[in-house]
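**Q** I'd like to ask some things about the structure below.
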Amino acid sequence: MSIPQSGGGPIERHEQLAEYLAEGCKPKEDWRIGTEHEKFGYLTDTHAPLPYDGERSIRAVLEGLRDRYGWGEVREAGVLIGLEKNGANVSLEPGGALELSGAPLETIHQTCDEVNEHLREVKCIADEIGVGFIGLGAAPDWSHEEMPLMPKGRYKLMDAYMGTVGKTGTTMMRRTCTVQVNLDFGSEADMVKKMRVALALQPVATALFANSPFFEGKPNGLKSYRSWVWRHLDPARTGMLPFVFDDGFGFEAYAEYALDVPMYFVYRDGKYINALGQSFRDFLKGELPALPGEKPTLSDWADHLTTIFPEARLKKFIEMRGADGGPWRRICALPGFWVGLMYHQDSLDAAWDMVKHWDDETREAWRVEASERGLQAIVGGRRMIDLAAEVVDISRAGLKARARPGLGGMVQDERHFLHALEDSIETAKTPADELLDAYNGPWNGDLSKIYKEFSY
């Protein structure tokens, strides 16, 4: 989840809302890659989720990273809630999952180095206090009541509201994890094509990265339970955004959509003010019930944009949000998948040519089938595994054409980061399938073995 935004002045013109998004336009040489991943922490002896406080806790991990590796503190109301260093952040998800929001980097080689260094640091601290971390899309066997709610004002407000809209909001907050990549655009037209490709092909990422076949101690019948959770959340702020494919879509259209998403809060003087269900349009008129007579700043607008959760989210960059959390190879594979599609024009054009004739129903059908069946999904007679193979081929070509070397020039480009996905396509098995094979085979139905065999 995002941290409070800052630095924005008063909103004096309606046009500033779209202009804020347009400020994300960058020349291609300035495009960067920002990778985020979440992971569940647990006590190694009992497999119970980590509390916030105590000798073996989330706070202890944060303090260890701070003291040993030089991370700076992020506090809210005096409480340690995150860390920052060199453009990266370590933050807490509502149920205590630990998230690395990586720095904006030029290559996937750098991103993977960052991920590996972070996981090494976390493991060094965690091992000393009897804590482990595991990459999954959903908590395998913890109940809602077992999951702590982290001490952040934003989460307290969201938790109360989530129980009143949809049916899976509190599950999303406490018991799901993701990996995502944030990518840049060069112009409004470039943003439009990237948003359309991102939304249309997000189900392919959901299928390839499916890694949540268990929930509350048993198989749940799905390959990506996390995706199912998002499909049954607050419909006002989730989904595949059909309007993105309408003629005339651009920054202004997205701003108008965002204005109609009910608010969560306003952040003032270090505190979250309850604005649940209220209208940003009223805020623009100085008629927000939570702050009568006060008008918003661009920081308020930036905060509001972080409370919208579609499959691809537009801010001053585009967030790809369809993948389950997973093992380290998958963390590096996700930016590989999307950078190959988005950061070379021929590949972006080829991806758009593949999906531009799909209608709203087809895109939604792929989303549903991907969460339920993964690579075994079929829509309109077409198999997901064939679609995924074609998309990965396009991505591979894009990475080859980018030709960004690594390891001091010993590696010519970034294509090897797709190997995990190529293996899935070759075997027709995602991480979810591998987990189910283990559960039904050598584990003999003992889900506790997941902690030893699949933790970082």
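Convention: chains lettered A, B, ... in structure tokens order; per-chain residue numbering from 1; ligands numbered from 1 as shown.
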Find the spatial neighbours of Asp386 in chain A, counting only C-alpha atoms, within a cut-off of 12 Å - ignore same-chain residues fewer than 5 positions away - and output them as a list in words.
**A**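 My reading of the contact set: Val204, Ala207, Leu208, Leu375, Gln376, Ala377, Ile378, Val379, Gly381, Val391, Val392, Asp393, Glu422, Ser424, Ile425, Glu426 and Ala428 of chain A.
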**Q** Need to verify the contact set: Pro49 in chain A, 12 Å, only C-alpha atoms, exclusion of same-chain residues closer than 2 positions in sequence. Can you return it as a PDB file with N, CA and C atoms, in the first residue's frame?
**A**
ATOM      1  N   LYS A  39       5.583 -10.039   0.765  1.00  0.00           N
ATOM      2  CA  LYS A  39       5.825 -11.392   1.274  1.00  0.00           C
ATOM      3  C   LYS A  39       5.305 -11.512   2.691  1.00  0.00           C
ATOM      4  N   PHE A  40       4.802 -12.706   3.009  1.00  0.00           N
ATOM      5  CA  PHE A  40       4.257 -12.970   4.331  1.00  0.00           C
ATOM      6  C   PHE A  40       5.375 -13.338   5.304  1.00  0.00           C
ATOM      7  N   GLY A  41       5.328 -12.765   6.499  1.00  0.00           N
ATOM      8  CA  GLY A  41       6.237 -13.159   7.563  1.00  0.00           C
ATOM      9  C   GLY A  41       5.545 -14.082   8.556  1.00  0.00           C
ATOM     10  N   TYR A  42       6.319 -14.984   9.152  1.00  0.00           N
ATOM     11  CA  TYR A  42       5.734 -15.935  10.101  1.00  0.00           C
ATOM     12  C   TYR A  42       6.798 -16.369  11.118  1.00  0.00           C
ATOM     13  N   LEU A  43       6.337 -16.920  12.233  1.00  0.00           N
ATOM     14  CA  LEU A  43       7.231 -17.483  13.242  1.00  0.00           C
ATOM     15  C   LEU A  43       7.624 -18.880  12.803  1.00  0.00           C
ATOM     16  N   THR A  44       8.913 -19.163  12.761  1.00  0.00           N
ATOM     17  CA  THR A  44       9.366 -20.426  12.174  1.00  0.00           C
ATOM     18  C   THR A  44       8.955 -21.648  12.992  1.00  0.00           C
ATOM     19  N   ASP A  45       8.744 -21.500  14.299  1.00  0.00           N
ATOM     20  CA  ASP A  45       8.392 -22.679  15.101  1.00  0.00           C
ATOM     21  C   ASP A  45       6.905 -23.001  15.065  1.00  0.00           C
ATOM     22  N   THR A  46       6.055 -21.983  15.011  1.00  0.00           N
ATOM     23  CA  THR A  46       4.607 -22.216  15.044  1.00  0.00           C
ATOM     24  C   THR A  46       3.924 -21.938  13.717  1.00  0.00           C
ATOM     25  N   HIS A  47       4.613 -21.270  12.800  1.00  0.00           N
ATOM     26  CA  HIS A  47       4.057 -20.838  11.512  1.00  0.00           C
ATOM     27  C   HIS A  47       2.948 -19.797  11.666  1.00  0.00           C
ATOM     28  N   PRO A  51       3.252 -10.745  14.615  1.00  0.00           N
ATOM     29  CA  PRO A  51       2.614  -9.573  15.202  1.00  0.00           C
ATOM     30  C   PRO A  51       3.411  -8.323  14.862  1.00  0.00           C
ATOM     31  N   TYR A  52       2.862  -7.172  15.148  1.00  0.00           N
ATOM     32  CA  TYR A  52       3.633  -5.952  14.934  1.00  0.00           C
ATOM     33  C   TYR A  52       4.710  -5.795  15.992  1.00  0.00           C
ATOM     34  N   ASP A  53       4.371  -6.045  17.264  1.00  0.00           N
ATOM     35  CA  ASP A  53       5.287  -5.803  18.370  1.00  0.00           C
ATOM     36  C   ASP A  53       5.859  -7.097  18.921  1.00  0.00           C
ATOM     37  N   ARG A  56       9.974 -11.076  18.368  1.00  0.00           N
ATOM     38  CA  ARG A  56       9.875 -11.714  17.055  1.00  0.00           C
ATOM     39  C   ARG A  56       8.672 -11.097  16.361  1.00  0.00           C
ATOM     40  N   SER A  57       8.913 -10.064  15.590  1.00  0.00           N
ATOM     41  CA  SER A  57       7.803  -9.260  15.099  1.00  0.00           C
ATOM     42  C   SER A  57       8.215  -8.475  13.864  1.00  0.00           C
ATOM     43  N   ILE A  58       7.223  -7.862  13.251  1.00  0.00           N
ATOM     44  CA  ILE A  58       7.473  -6.954  12.139  1.00  0.00           C
ATOM     45  C   ILE A  58       8.364  -5.798  12.586  1.00  0.00           C
ATOM     46  N   GLY A  95      -2.012  -6.529   6.783  1.00  0.00           N
ATOM     47  CA  GLY A  95      -1.907  -7.701   7.639  1.00  0.00           C
ATOM     48  C   GLY A  95      -0.492  -8.023   8.070  1.00  0.00           C
ATOM     49  N   GLY A  96       0.460  -7.140   7.788  1.00  0.00           N
ATOM     50  CA  GLY A  96       1.832  -7.346   8.235  1.00  0.00           C
ATOM     51  C   GLY A  96       2.771  -7.866   7.173  1.00  0.00           C
ATOM     52  N   ALA A  97       2.296  -8.112   5.954  1.00  0.00           N
ATOM     53  CA  ALA A  97       3.224  -8.500   4.897  1.00  0.00           C
ATOM     54  C   ALA A  97       4.233  -7.375   4.675  1.00  0.00           C
ATOM     55  N   LEU A  98       5.463  -7.768   4.399  1.00  0.00           N
ATOM     56  CA  LEU A  98       6.543  -6.800   4.199  1.00  0.00           C
ATOM     57  C   LEU A  98       6.691  -6.546   2.704  1.00  0.00           C
ATOM     58  N   VAL A 131      12.296 -16.014  12.550  1.00  0.00           N
ATOM     59  CA  VAL A 131      11.227 -15.548  11.668  1.00  0.00           C
ATOM     60  C   VAL A 131      11.537 -15.997  10.246  1.00  0.00           C
ATOM     61  N   GLY A 132      10.508 -16.288   9.463  1.00  0.00           N
ATOM     62  CA  GLY A 132      10.677 -16.626   8.061  1.00  0.00           C
ATOM     63  C   GLY A 132       9.773 -15.774   7.194  1.00  0.00           C
ATOM     64  N   PHE A 133      10.068 -15.748   5.890  1.00  0.00           N
ATOM     65  CA  PHE A 133       9.231 -15.039   4.927  1.00  0.00           C
ATOM     66  C   PHE A 133       8.990 -15.945   3.733  1.00  0.00           C
ATOM     67  N   ILE A 134       7.770 -15.877   3.203  1.00  0.00           N
ATOM     68  CA  ILE A 134       7.373 -16.740   2.098  1.00  0.00           C
ATOM     69  C   ILE A 134       6.615 -15.929   1.061  1.00  0.00           C
ATOM     70  N   ALA A 139      -2.365 -16.091   1.881  1.00  0.00           N
ATOM     71  CA  ALA A 139      -1.931 -16.800   3.081  1.00  0.00           C
ATOM     72  C   ALA A 139      -2.498 -18.221   3.046  1.00  0.00           C
ATOM     73  N   PRO A 140      -1.661 -19.238   3.218  1.00  0.00           N
ATOM     74  CA  PRO A 140      -2.134 -20.608   2.987  1.00  0.00           C
ATOM     75  C   PRO A 140      -3.080 -21.142   4.046  1.00  0.00           C
ATOM     76  N   ASP A 141      -2.867 -20.771   5.315  1.00  0.00           N
ATOM     77  CA  ASP A 141      -3.679 -21.417   6.348  1.00  0.00           C
ATOM     78  C   ASP A 141      -4.058 -20.509   7.514  1.00  0.00           C
ATOM     79  N   TRP A 142      -3.870 -19.211   7.379  1.00  0.00           N
ATOM     80  CA  TRP A 142      -4.219 -18.309   8.472  1.00  0.00           C
ATOM     81  C   TRP A 142      -5.647 -17.817   8.340  1.00  0.00           C
ATOM     82  N   SER A 143      -6.346 -17.720   9.461  1.00  0.00           N
ATOM     83  CA  SER A 143      -7.696 -17.170   9.478  1.00  0.00           C
ATOM     84  C   SER A 143      -7.632 -15.643   9.577  1.00  0.00           C
ATOM     85  N   HIS A 144      -8.753 -15.020   9.314  1.00  0.00           N
ATOM     86  CA  HIS A 144      -8.833 -13.559   9.437  1.00  0.00           C
ATOM     87  C   HIS A 144      -8.479 -13.127  10.860  1.00  0.00           C
ATOM     88  N   GLU A 145      -8.971 -13.860  11.829  1.00  0.00           N
ATOM     89  CA  GLU A 145      -8.768 -13.483  13.222  1.00  0.00           C
ATOM     90  C   GLU A 145      -7.307 -13.580  13.635  1.00  0.00           C
ATOM     91  N   GLU A 146      -6.537 -14.436  12.997  1.00  0.00           N
ATOM     92  CA  GLU A 146      -5.112 -14.564  13.331  1.00  0.00           C
ATOM     93  C   GLU A 146      -4.267 -13.423  12.788  1.00  0.00           C
ATOM     94  N   MET A 147      -4.771 -12.723  11.797  1.00  0.00           N
ATOM     95  CA  MET A 147      -3.964 -11.717  11.122  1.00  0.00           C
ATOM     96  C   MET A 147      -4.048 -10.386  11.851  1.00  0.00           C
ATOM     97  N   PRO A 148      -2.910  -9.826  12.243  1.00  0.00           N
ATOM     98  CA  PRO A 148      -2.930  -8.519  12.897  1.00  0.00           C
ATOM     99  C   PRO A 148      -3.199  -7.413  11.881  1.00  0.00           C
ATOM    100  N   LEU A 149      -3.702  -6.293  12.350  1.00  0.00           N
ATOM    101  CA  LEU A 149      -3.841  -5.104  11.505  1.00  0.00           C
ATOM    102  C   LEU A 149      -2.746  -4.131  11.905  1.00  0.00           C
ATOM    103  N   ARG A 174      -5.531  -8.265   4.425  1.00  0.00           N
ATOM    104  CA  ARG A 174      -4.744  -9.041   5.379  1.00  0.00           C
ATOM    105  C   ARG A 174      -4.063 -10.271   4.780  1.00  0.00           C
ATOM    106  N   ARG A 175      -4.684 -10.889   3.777  1.00  0.00           N
ATOM    107  CA  ARG A 175      -4.251 -12.240   3.425  1.00  0.00           C
ATOM    108  C   ARG A 175      -3.919 -12.440   1.955  1.00  0.00           C
ATOM    109  N   TYR A 451       6.037 -24.131   4.294  1.00  0.00           N
ATOM    110  CA  TYR A 451       6.904 -23.125   4.902  1.00  0.00           C
ATOM    111  C   TYR A 451       8.384 -23.485   4.721  1.00  0.00           C
TER     112      TYR A 451
END
**Q** Which residue, A:Ala205, A:Met342, A:Leu65, A:Val368, has the smallest gap to Ser395 in chain A when you use only C-alpha atoms?
**A**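 Once distances to Ser395 in chain A are computed over only C-alpha atoms, the minimum belongs to A:Met342.
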**Q** Can you list, as a ChimeraX atom specification, every protein, DNA or RNA residue that comes within 9 Å of Arg402 in chain A when you count only C-alpha atoms, leaving out same-chain residues fewer than 4 positions away?
**A** /A:340,343-344,397-398,413-414
**Q** For C-alpha atoms, I'd like the residues from the last selection saved as a short mmCIF file (atom, residue, chain, number, x, y, z; two decimals), in the first residue's frame.
**A**
data_model
loop_
_atom_site.label_atom_id
_atom_site.label_comp_id
_atom_site.auth_asym_id
_atom_site.auth_seq_id
_atom_site.Cartn_x
_atom_site.Cartn_y
_atom_site.Cartn_z
CA GLY A 340 9.74 -6.60 -22.95
CA TYR A 343 9.61 -0.61 -23.63
CA HIS A 344 10.22 -1.46 -27.27
CA ALA A 397 11.84 -10.02 -28.75
CA GLY A 398 11.41 -6.70 -26.97
CA ASP A 413 20.42 -8.54 -22.64
CA GLU A 414 17.56 -9.24 -20.23
#
**Q** Work out how far apart CA of Ala77 in chain A and CA of Tyr155 in chain A are and give it in Å to one decimal.
**A**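 Those two atoms sit 13.8 Å apart.
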**Q** Go through A:Arg68, A:Lys400, A:Lys316, A:Arg321 and flag the residue nearest Gln412 in chain A, using only C-alpha atoms for the distances.
**A**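 Ranked by minimum distance to Gln412 in chain A, first place goes to A:Lys400.
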**Q** Could you give me, as JSON lines, a per-residue list for range 71-150 of chain A showing, wherever an atom lies at most 8 Å from an atom of range 17-36 of chain A, the closest pair of atoms and their distance in Å to one decimal, using only C-alpha atoms and sorting by chain then residue number from low to high?
**A**
{"residue": "A:Glu99", "atom": "CA", "partner": "A:Glu36", "partner_atom": "CA", "distance": 6.9}
{"residue": "A:Leu100", "atom": "CA", "partner": "A:Glu36", "partner_atom": "CA", "distance": 5.5}
{"residue": "A:Ser101", "atom": "CA", "partner": "A:Glu36", "partner_atom": "CA", "distance": 4.4}
{"residue": "A:Gly102", "atom": "CA", "partner": "A:Thr35", "partner_atom": "CA", "distance": 5.2}
{"residue": "A:Ala103", "atom": "CA", "partner": "A:Gly34", "partner_atom": "CA", "distance": 5.8}
{"residue": "A:Pro104", "atom": "CA", "partner": "A:Gly34", "partner_atom": "CA", "distance": 4.6}
{"residue": "A:Leu105", "atom": "CA", "partner": "A:Ile33", "partner_atom": "CA", "distance": 5.1}
{"residue": "A:Glu106", "atom": "CA", "partner": "A:Arg32", "partner_atom": "CA", "distance": 5.0}
{"residue": "A:Thr107", "atom": "CA", "partner": "A:Ile33", "partner_atom": "CA", "distance": 6.9}
{"residue": "A:Ile108", "atom": "CA", "partner": "A:Ile33", "partner_atom": "CA", "distance": 7.3}
{"residue": "A:Thr111", "atom": "CA", "partner": "A:Thr35", "partner_atom": "CA", "distance": 6.9}
**Q** Got a sec: who's within 10 Å of Leu341 in chain A, counting only C-alpha atoms, leaving out chain neighbours fewer than 3 positions off, as an MDAnalysis selection string?
**A** chainID A and resid 194 197:198 335:338 344:352 391:399
**Q** Please report the interatomic distance between CA of Leu284 in chain A and CA of Pro296 in chain A in Å with one decimal.
**A**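 Distance between the two atoms: 6.2 Å.
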**Q** Could you pull out the alpha helix (DSSP H) residues of range 136-348 of chain A from DSSP and send them as a PyMOL selection string?
**A** chain A and resi 153-162+169-175+188-208+225-231+251-259+280-284+298-305+328-342+345-348
**Q** Any chance you can output those residues with C-alpha atoms as a short mmCIF file (atom, residue, chain, number, x, y, z; two decimals), in the first residue's frame?
**A**
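The resulting result.cif:
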data_model
loop_
_atom_site.label_atom_id
_atom_site.label_comp_id
_atom_site.auth_asym_id
_atom_site.auth_seq_id
_atom_site.Cartn_x
_atom_site.Cartn_y
_atom_site.Cartn_z
CA GLY A 153 -4.31 5.19 10.21
CA ARG A 154 -5.06 4.48 6.56
CA TYR A 155 -5.57 0.79 7.27
CA LYS A 156 -7.88 1.36 10.21
CA LEU A 157 -10.19 3.43 8.02
CA MET A 158 -10.00 1.04 5.08
CA ASP A 159 -10.65 -2.00 7.25
CA ALA A 160 -13.92 -0.58 8.52
CA TYR A 161 -15.05 0.48 5.05
CA MET A 162 -14.09 -2.75 3.31
CA GLY A 169 -11.97 -6.41 1.06
CA THR A 170 -10.65 -7.42 4.45
CA THR A 171 -9.29 -10.65 2.94
CA MET A 172 -7.42 -8.61 0.32
CA MET A 173 -5.95 -6.37 2.99
CA ARG A 174 -4.74 -9.04 5.38
CA ARG A 175 -4.25 -12.24 3.42
CA GLU A 188 -0.53 10.66 -23.90
CA ALA A 189 -0.78 8.42 -26.97
CA ASP A 190 1.93 6.14 -25.56
CA MET A 191 0.12 5.99 -22.23
CA VAL A 192 -3.15 5.06 -23.96
CA LYS A 193 -1.62 2.16 -25.89
CA LYS A 194 0.26 0.91 -22.83
CA MET A 195 -2.83 1.08 -20.61
CA ARG A 196 -4.85 -0.84 -23.17
CA VAL A 197 -2.21 -3.54 -23.60
CA ALA A 198 -1.68 -3.69 -19.83
CA LEU A 199 -5.35 -4.24 -19.10
CA ALA A 200 -5.98 -6.69 -21.94
CA LEU A 201 -2.96 -8.85 -21.13
CA GLN A 202 -3.11 -8.61 -17.34
CA PRO A 203 -4.92 -12.00 -17.26
CA VAL A 204 -1.89 -13.58 -18.96
CA ALA A 205 0.27 -12.34 -16.09
CA THR A 206 -2.34 -13.63 -13.62
CA ALA A 207 -2.16 -17.08 -15.22
CA LEU A 208 1.64 -17.26 -15.52
CA TYR A 225 -7.23 -17.06 -5.21
CA ARG A 226 -5.73 -13.58 -4.89
CA SER A 227 -7.19 -12.66 -8.29
CA TRP A 228 -10.57 -14.08 -7.26
CA VAL A 229 -10.45 -11.88 -4.16
CA TRP A 230 -9.86 -8.78 -6.29
CA ARG A 231 -12.74 -9.75 -8.58
CA PHE A 251 -5.52 11.67 -19.12
CA GLU A 252 -8.74 13.66 -18.79
CA ALA A 253 -10.94 10.57 -19.06
CA TYR A 254 -8.95 8.77 -16.37
CA ALA A 255 -9.17 11.83 -14.11
CA GLU A 256 -12.95 11.92 -14.54
CA TYR A 257 -13.16 8.21 -13.67
CA ALA A 258 -11.03 8.74 -10.57
CA LEU A 259 -13.23 11.63 -9.44
CA PHE A 280 -13.67 14.27 -4.47
CA ARG A 281 -15.93 16.34 -6.69
CA ASP A 282 -17.46 17.83 -3.55
CA PHE A 283 -13.94 18.35 -2.20
CA LEU A 284 -13.11 20.44 -5.28
CA LEU A 298 -2.49 18.04 -5.55
CA SER A 299 -1.13 15.89 -2.71
CA ASP A 300 -4.73 15.02 -1.84
CA TRP A 301 -5.34 14.10 -5.47
CA ALA A 302 -2.19 11.94 -5.50
CA ASP A 303 -3.37 10.21 -2.31
CA HIS A 304 -6.80 9.60 -3.81
CA LEU A 305 -5.27 7.97 -6.89
CA TRP A 328 12.47 -14.83 -6.19
CA ARG A 329 12.71 -15.95 -9.83
CA ARG A 330 9.16 -14.79 -10.38
CA ILE A 331 9.87 -11.41 -8.80
CA CYS A 332 12.49 -10.74 -11.46
CA ALA A 333 10.37 -12.33 -14.19
CA LEU A 334 7.50 -9.89 -13.82
CA PRO A 335 9.44 -6.77 -14.84
CA GLY A 336 11.02 -8.88 -17.59
CA PHE A 337 7.59 -9.81 -18.93
CA TRP A 338 6.20 -6.26 -18.96
CA VAL A 339 9.35 -4.35 -19.92
CA GLY A 340 9.74 -6.60 -22.95
CA LEU A 341 6.19 -5.76 -24.00
CA MET A 342 6.15 -2.06 -23.12
CA GLN A 345 7.84 -0.02 -29.86
CA ASP A 346 7.71 -3.05 -32.15
CA SER A 347 6.75 -5.31 -29.26
CA LEU A 348 4.17 -2.86 -27.92
#
**Q** Neighbouring residues of Phe454 in chain A were defined as those with any atom within 9 Å, considering only C-alpha atoms; residues of the same chain fewer than 6 positions away were excluded. Please report them as a ChimeraX atom specification.
**A** /A:134-136,327
**Q** May I ask which of the residues A:Gly248, A:Pro219, A:Pro262, A:Gly374 is the closest one to Ser279 in chain A, counting only C-alpha atoms?
**A**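 Closest candidate: A:Pro262.
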**Q** Quote the spacing between CA of Phe317 in chain A and CA of Phe249 in chain A in Å to one decimal place.
**A** 16.1 Å
**Q** Let me make sure I understand: among A:Arg237, A:His419, A:Thr297, A:Asp184, which one has the smallest atom-to-atom distance to Arg13 in chain A if we use only C-alpha atoms?
**A**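 Of A:Arg237, A:His419, A:Thr297, A:Asp184, the one nearest Arg13 in chain A, counting only C-alpha atoms, is A:Thr297.
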**Q** Could you give me the residues within range 95-331 of chain A that DSSP places in strand (DSSP E), as a count of residues only?
**A** 40
**Q** Skipping near chain neighbours, those fewer than 4 positions away, what residues fall within 12 Å of Glu434 in chain A using only C-alpha atoms, listed as a compact mmCIF listing (two decimals) with N, CA and C atoms, in the first residue's frame?
**A**
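Below is the file that was written, result10.txt:
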# COMPACT_ATOMS: atom_id res chain seq x y z
N PHE A 209 1.69 -16.24 -13.31
CA PHE A 209 2.21 -16.04 -11.95
C PHE A 209 1.26 -16.60 -10.89
N ALA A 210 0.25 -17.37 -11.30
CA ALA A 210 -0.71 -17.92 -10.34
C ALA A 210 0.00 -18.70 -9.24
N ASN A 211 -0.28 -18.34 -7.98
CA ASN A 211 0.47 -18.91 -6.88
C ASN A 211 -0.32 -18.84 -5.57
N SER A 212 -1.63 -19.07 -5.68
CA SER A 212 -2.44 -19.03 -4.45
C SER A 212 -3.56 -20.06 -4.51
N PRO A 213 -3.19 -21.36 -4.56
CA PRO A 213 -4.20 -22.41 -4.65
C PRO A 213 -4.73 -22.88 -3.29
N LYS A 223 -6.53 -21.35 -9.17
CA LYS A 223 -5.08 -21.22 -9.32
C LYS A 223 -4.59 -19.90 -8.71
N ASP A 423 9.65 -21.89 -18.64
CA ASP A 423 9.51 -23.21 -18.01
C ASP A 423 8.04 -23.53 -17.75
N SER A 424 7.28 -22.54 -17.29
CA SER A 424 5.86 -22.77 -17.03
C SER A 424 5.11 -23.13 -18.30
N THR A 427 6.07 -26.75 -19.42
CA THR A 427 5.52 -27.82 -18.58
C THR A 427 4.02 -27.70 -18.37
N ALA A 428 3.44 -26.54 -18.77
CA ALA A 428 2.03 -26.24 -18.51
C ALA A 428 1.73 -26.19 -17.02
N LYS A 429 2.75 -25.80 -16.24
CA LYS A 429 2.58 -25.74 -14.77
C LYS A 429 3.05 -24.39 -14.25
N THR A 430 2.17 -23.70 -13.55
CA THR A 430 2.52 -22.49 -12.84
C THR A 430 2.95 -22.85 -11.42
N ALA A 438 2.75 -30.97 -5.10
CA ALA A 438 3.43 -31.32 -3.85
C ALA A 438 2.43 -31.68 -2.76
N TYR A 439 1.37 -30.92 -2.66
CA TYR A 439 0.36 -31.16 -1.63
C TYR A 439 -0.30 -32.54 -1.81
N ASN A 440 -0.62 -32.87 -3.06
CA ASN A 440 -1.29 -34.15 -3.34
C ASN A 440 -0.32 -35.32 -3.46
N GLY A 441 0.99 -35.00 -3.51
CA GLY A 441 2.00 -36.04 -3.64
C GLY A 441 2.83 -36.18 -2.38
N PRO A 442 4.09 -35.74 -2.41
CA PRO A 442 4.99 -35.99 -1.27
C PRO A 442 4.56 -35.37 0.05
N TRP A 443 3.80 -34.29 0.01
CA TRP A 443 3.35 -33.71 1.29
C TRP A 443 2.21 -34.50 1.91
N ILE A 450 4.78 -26.38 3.33
CA ILE A 450 4.98 -25.28 2.41
C ILE A 450 5.99 -24.28 2.97
N GLU A 453 9.68 -25.58 2.45
CA GLU A 453 10.11 -25.81 1.07
C GLU A 453 9.97 -24.60 0.16
N PHE A 454 9.16 -23.62 0.55
CA PHE A 454 8.91 -22.51 -0.37
C PHE A 454 9.22 -21.14 0.21
**Q** Just want the 8 Å neighbourhood of Thr238 in chain A, counted on only C-alpha atoms, with same-chain residues fewer than 2 positions away dropped. Output as a list of chain:residue names.
**A** A:Trp230, A:Arg231, A:Leu233, A:Asp234, A:Pro235, A:Ala236, A:Met240, A:Leu241, A:Ile308, A:Phe309, A:Pro310, A:Glu311
**Q** Can I get the selected residues back with N, CA and C atoms, as an mmCIF file, in the first residue's frame?
**A**
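Contents of out-v4.cif, as written:
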data_model
loop_
_atom_site.group_PDB
_atom_site.id
_atom_site.type_symbol
_atom_site.label_atom_id
_atom_site.label_comp_id
_atom_site.auth_asym_id
_atom_site.auth_seq_id
_atom_site.Cartn_x
_atom_site.Cartn_y
_atom_site.Cartn_z
ATOM 1 N N TRP A 230 -9.746 -10.094 -5.662
ATOM 2 C CA TRP A 230 -9.862 -8.784 -6.289
ATOM 3 C C TRP A 230 -11.112 -8.683 -7.147
ATOM 4 N N ARG A 231 -11.544 -9.785 -7.741
ATOM 5 C CA ARG A 231 -12.743 -9.754 -8.582
ATOM 6 C C ARG A 231 -14.015 -9.552 -7.766
ATOM 7 N N LEU A 233 -14.135 -7.633 -4.865
ATOM 8 C CA LEU A 233 -13.901 -6.503 -3.986
ATOM 9 C C LEU A 233 -14.808 -5.338 -4.410
ATOM 10 N N ASP A 234 -14.585 -4.189 -3.850
ATOM 11 C CA ASP A 234 -15.348 -2.979 -4.135
ATOM 12 C C ASP A 234 -15.370 -2.699 -5.645
ATOM 13 N N PRO A 235 -16.505 -2.871 -6.322
ATOM 14 C CA PRO A 235 -16.523 -2.695 -7.781
ATOM 15 C C PRO A 235 -16.296 -1.250 -8.220
ATOM 16 N N ALA A 236 -16.445 -0.297 -7.312
ATOM 17 C CA ALA A 236 -16.256 1.106 -7.679
ATOM 18 C C ALA A 236 -14.801 1.451 -7.944
ATOM 19 N N MET A 240 -11.423 -4.054 -14.952
ATOM 20 C CA MET A 240 -10.706 -3.993 -16.223
ATOM 21 C C MET A 240 -10.908 -2.682 -16.980
ATOM 22 N N LEU A 241 -11.649 -1.728 -16.406
ATOM 23 C CA LEU A 241 -11.784 -0.369 -16.938
ATOM 24 C C LEU A 241 -12.139 -0.346 -18.428
ATOM 25 N N ILE A 308 -7.392 3.658 -5.672
ATOM 26 C CA ILE A 308 -8.068 3.037 -6.804
ATOM 27 C C ILE A 308 -7.270 1.791 -7.183
ATOM 28 N N PHE A 309 -7.943 0.669 -7.410
ATOM 29 C CA PHE A 309 -7.243 -0.608 -7.543
ATOM 30 C C PHE A 309 -7.613 -1.409 -8.799
ATOM 31 N N PRO A 310 -7.624 -0.815 -9.981
ATOM 32 C CA PRO A 310 -7.902 -1.618 -11.183
ATOM 33 C C PRO A 310 -6.730 -2.535 -11.520
ATOM 34 N N GLU A 311 -6.918 -3.372 -12.508
ATOM 35 C CA GLU A 311 -5.879 -4.333 -12.872
ATOM 36 C C GLU A 311 -4.616 -3.651 -13.396
#
**Q** Return the single residue from A:Ala60, A:Leu418, A:Ala275, A:Leu407 that is closest to Ile129 in chain A, with distances computed using only C-alpha atoms.
**A** A:Ala60
